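Trainee: Below are the structure tokens for one structure; questions will follow.
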Amino acid sequence: MTPKAGRVTALRADAARNRARVLQVAREQLAAGDDSLQLNTIARLAGVGVGTVYRHFPNRHALLEALSAERFQQLVSEAQVAAADENALTGLHRLLRFALARALDDAGFAAVLESASDADARTSAMKAELDRAVADLLDRARHAGAIRHGIEADDVRRLLCGVEHAVRSGDGNPKYAELYLDVLLEGLRPPR
């Protein structure tokens, strides 16, 4: 399905096959360690025209969004579960650990998570769902006196992306992920 003038229309069967083939080749490129996702190369490897790739994915970021959609939906679902947790702070901790693990596992997903703009309305909708669940969680934690005032859902997303970047810029040792996340969580607490 592709958005056109505010509505969603079904792709023709051949267009859907081409889109699926492009995504498959892009996943294979990533699995082989090539994260450049050069659209011309992907078109050649997928056996489709360059115009076909650009029609579905006008730029690399649009392709990353499509590749990350399933992971992003998992994050939204986890955020909704965390927001329903009886203990808001426990839910927030679990959600941040989940999100950080996914971001560290998939640099493309991390890039979509941290991006200020989206190529696809579905990505924007998922980010809005995520922010709503995190905002509910933050409100409950704030009401319980567990986190400081002035921290919003988009702040948490940015801070988490900072932790992800800090871990990646080091040696990637998982102990740093836990250490840096603990520092973030401690920083969310209200001043004493």
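Residues are referred to by chain and number: the chain letter is A, B, ... according to the order shown in the structure tokens, the number counts from 1 in that chain, and ligands are numbered separately from 1 in the order shown.
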Per residue of stretch 83-188 of chain A within 12 Å of stretch 34-40 of chain A, which atom pair is closest and at what distance in Å (one decimal), using only C-alpha atoms, listed by chain and increasing number, as JSON lines?
Mentor:
```
{"residue": "A:Asp106", "atom": "CA", "partner": "A:Asp35", "partner_atom": "CA", "distance": 10.3}
{"residue": "A:Ala107", "atom": "CA", "partner": "A:Asp35", "partner_atom": "CA", "distance": 8.7}
{"residue": "A:Gly108", "atom": "CA", "partner": "A:Asp35", "partner_atom": "CA", "distance": 8.1}
{"residue": "A:Phe109", "atom": "CA", "partner": "A:Asp35", "partner_atom": "CA", "distance": 11.8}
{"residue": "A:Ala111", "atom": "CA", "partner": "A:Asp35", "partner_atom": "CA", "distance": 11.8}
```
Trainee: Store the residues picked out above, limited to N, CA and C atoms, as a PDB file, in the first residue's frame.
Mentor:
```pdb
ATOM      1  N   ASP A 106      20.153  -2.800  15.616  1.00  0.00           N
ATOM      2  CA  ASP A 106      19.784  -2.403  14.256  1.00  0.00           C
ATOM      3  C   ASP A 106      20.004  -0.898  14.084  1.00  0.00           C
ATOM      4  N   ALA A 107      21.135  -0.541  13.473  1.00  0.00           N
ATOM      5  CA  ALA A 107      21.477   0.873  13.293  1.00  0.00           C
ATOM      6  C   ALA A 107      20.453   1.597  12.422  1.00  0.00           C
ATOM      7  N   GLY A 108      19.857   0.911  11.472  1.00  0.00           N
ATOM      8  CA  GLY A 108      18.828   1.528  10.635  1.00  0.00           C
ATOM      9  C   GLY A 108      17.601   1.884  11.446  1.00  0.00           C
ATOM     10  N   PHE A 109      17.195   0.987  12.322  1.00  0.00           N
ATOM     11  CA  PHE A 109      16.076   1.261  13.217  1.00  0.00           C
ATOM     12  C   PHE A 109      16.407   2.448  14.114  1.00  0.00           C
ATOM     13  N   ALA A 111      18.358   4.914  13.432  1.00  0.00           N
ATOM     14  CA  ALA A 111      18.300   6.127  12.610  1.00  0.00           C
ATOM     15  C   ALA A 111      16.854   6.589  12.419  1.00  0.00           C
TER      16      ALA A 111
END
```
Trainee: Taking only C-alpha atoms into account, produce a table as a tab-separated table in which each residue of stretch 93-151 of chain A with an atom at most 7 Å from an atom of stretch 167-191 of chain A appears once, together with its shortest atom pair and the distance in Å to one decimal, ordered by chain and rising number.
Mentor:
```
residue	atom	partner	partner_atom	distance
A:Ala146	CA	A:Arg189	CA	5.9
A:Ile147	CA	A:Arg189	CA	4.2
A:Arg148	CA	A:Pro190	CA	3.9
```
Trainee: Mind checking which residues fall within 7 Å of A:Glu164, counting only C-alpha atoms, ignoring those fewer than 2 positions away in the same chain, and posting them as a list in words?
Mentor: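 Near neighbours after the sequence-gap exclusion: Leu100, Ala103, Leu104, Leu160, Cys161, Gly162, Ala166, Val167 and Arg168 of chain A.
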Trainee: Can you tell me which residues surround A:Ser117 at a distance of at most 12 Å, considering only C-alpha atoms, apart from same-chain residues fewer than 4 positions away, and format the answer as a short mmCIF file (atom, residue, chain, number, x, y, z; two decimals) with all heavy atoms, in the first residue's frame?
Mentor:
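That gives us around-v9.cif:
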```
data_model
loop_
_atom_site.label_atom_id
_atom_site.label_comp_id
_atom_site.auth_asym_id
_atom_site.auth_seq_id
_atom_site.Cartn_x
_atom_site.Cartn_y
_atom_site.Cartn_z
N HIS A 61 16.50 7.05 3.55
CA HIS A 61 15.75 7.07 4.80
C HIS A 61 14.37 6.43 4.64
O HIS A 61 13.91 5.71 5.53
CB HIS A 61 15.63 8.51 5.34
CG HIS A 61 15.08 8.54 6.72
ND1 HIS A 61 15.84 8.25 7.83
CD2 HIS A 61 13.84 8.80 7.17
CE1 HIS A 61 15.09 8.32 8.90
NE2 HIS A 61 13.87 8.65 8.54
N ALA A 62 13.72 6.65 3.52
CA ALA A 62 12.42 6.02 3.26
C ALA A 62 12.57 4.49 3.24
O ALA A 62 11.71 3.77 3.76
CB ALA A 62 11.84 6.52 1.95
N GLU A 65 12.99 3.32 6.81
CA GLU A 65 11.70 3.30 7.49
C GLU A 65 10.93 2.03 7.16
O GLU A 65 10.36 1.39 8.05
CB GLU A 65 10.87 4.53 7.13
CG GLU A 65 11.34 5.79 7.79
CD GLU A 65 10.47 6.99 7.48
OE1 GLU A 65 9.29 6.82 7.07
OE2 GLU A 65 10.95 8.12 7.67
N ALA A 111 18.36 4.91 13.43
CA ALA A 111 18.30 6.13 12.61
C ALA A 111 16.85 6.59 12.42
O ALA A 111 16.57 7.79 12.46
CB ALA A 111 18.95 5.88 11.25
N VAL A 112 15.94 5.66 12.25
CA VAL A 112 14.52 6.01 12.10
C VAL A 112 13.99 6.56 13.42
O VAL A 112 13.27 7.56 13.44
CB VAL A 112 13.69 4.79 11.63
CG1 VAL A 112 12.21 5.08 11.68
CG2 VAL A 112 14.11 4.39 10.21
N LEU A 113 14.37 5.93 14.52
CA LEU A 113 13.90 6.35 15.84
C LEU A 113 14.35 7.77 16.16
O LEU A 113 13.60 8.57 16.70
CB LEU A 113 14.41 5.38 16.90
CG LEU A 113 13.91 5.57 18.32
CD1 LEU A 113 12.41 5.40 18.41
CD2 LEU A 113 14.61 4.59 19.25
N ALA A 121 4.05 8.47 6.18
CA ALA A 121 3.04 8.84 7.19
C ALA A 121 2.85 7.72 8.22
O ALA A 121 2.53 7.99 9.38
CB ALA A 121 1.72 9.15 6.50
N THR A 123 5.18 5.87 9.50
CA THR A 123 6.22 6.03 10.51
C THR A 123 5.84 7.14 11.47
O THR A 123 5.97 6.99 12.69
CB THR A 123 7.58 6.34 9.85
OG1 THR A 123 7.90 5.29 8.93
CG2 THR A 123 8.69 6.46 10.88
N SER A 124 5.35 8.24 10.94
CA SER A 124 4.90 9.35 11.80
C SER A 124 3.79 8.90 12.73
O SER A 124 3.76 9.27 13.91
CB SER A 124 4.42 10.52 10.95
OG SER A 124 5.47 11.03 10.16
N ALA A 125 2.87 8.08 12.22
CA ALA A 125 1.77 7.59 13.05
C ALA A 125 2.30 6.69 14.17
O ALA A 125 1.84 6.78 15.32
CB ALA A 125 0.75 6.84 12.19
N LYS A 127 5.32 6.81 15.49
CA LYS A 127 6.01 7.68 16.45
C LYS A 127 5.01 8.38 17.36
O LYS A 127 5.24 8.52 18.55
CB LYS A 127 6.90 8.70 15.73
CG LYS A 127 8.21 8.13 15.24
CD LYS A 127 9.08 9.21 14.64
CE LYS A 127 10.41 8.64 14.18
NZ LYS A 127 11.26 9.67 13.57
#
```
Trainee: Let's see if you can do this: from backbone DSSP, list all strand (DSSP E) residues in stretch 1-160 of chain A, as JSON, numbers by chain.
Mentor: {"A": [2, 3, 4, 7, 8, 9]}
Trainee: Would you mind telling me which residue in A:Met126, A:Ala13, A:Leu75, A:Ala88 lies nearest to A:Ala101 when using only C-alpha atoms?
Mentor: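 Looking at the shortest contact to A:Ala101, the residue is A:Leu75.
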Trainee: For A:Gly51, which residue out of A:Ala15, A:Val156, A:Leu137, A:Ala10 is the nearest one, using only C-alpha atoms?
Mentor: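 Under the stated criterion, the closest residue is A:Ala15.
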Trainee: Would you mind telling me which residue in A:Val50, A:Val134, A:Arg71, A:Ala128 lies nearest to A:Asp85 when using only C-alpha atoms?
Mentor: A:Val134
Trainee: Residues of chain A classed as alpha helix (DSSP H) by DSSP on the backbone are to be reported as a count of residues only.
Mentor: 140
Trainee: Using only C-alpha atoms for the distances, tell me which of A:Leu63, A:Val53, A:Ala32, A:Ala79 is nearest to A:Leu138.
Mentor: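 Checking each candidate against A:Leu138, we get A:Ala79 as the closest.
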Trainee: To one decimal in Å, tell me the separation between atom CA of A:Ala116 and atom CA of A:Arg157.
Mentor: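 That distance, rounded to one decimal, is 10.8 Å.
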Trainee: Tell me which of A:Asp136, A:Asp105, A:Glu28, A:Asp118 sits closest to A:Leu89, counting only C-alpha atoms.
Mentor: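 Smallest distance to A:Leu89 is found for A:Asp136.
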Trainee: Can you tell me which residues surround A:Asp139 at a distance of at most 10 Å, considering only C-alpha atoms, apart from same-chain residues fewer than 6 positions away, and format the answer as a PyMOL selection string?
Mentor: chain A and resi 83+88+133+145-147+149+151-153
Trainee: Using only C-alpha atoms, can you tell me which of A:Glu114, A:Ala26, A:Ala31, A:Gln73 comes closest to A:Asp155?
Mentor: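 Going through A:Glu114, A:Ala26, A:Ala31, A:Gln73 one by one, the smallest distance to A:Asp155 is for A:Glu114.
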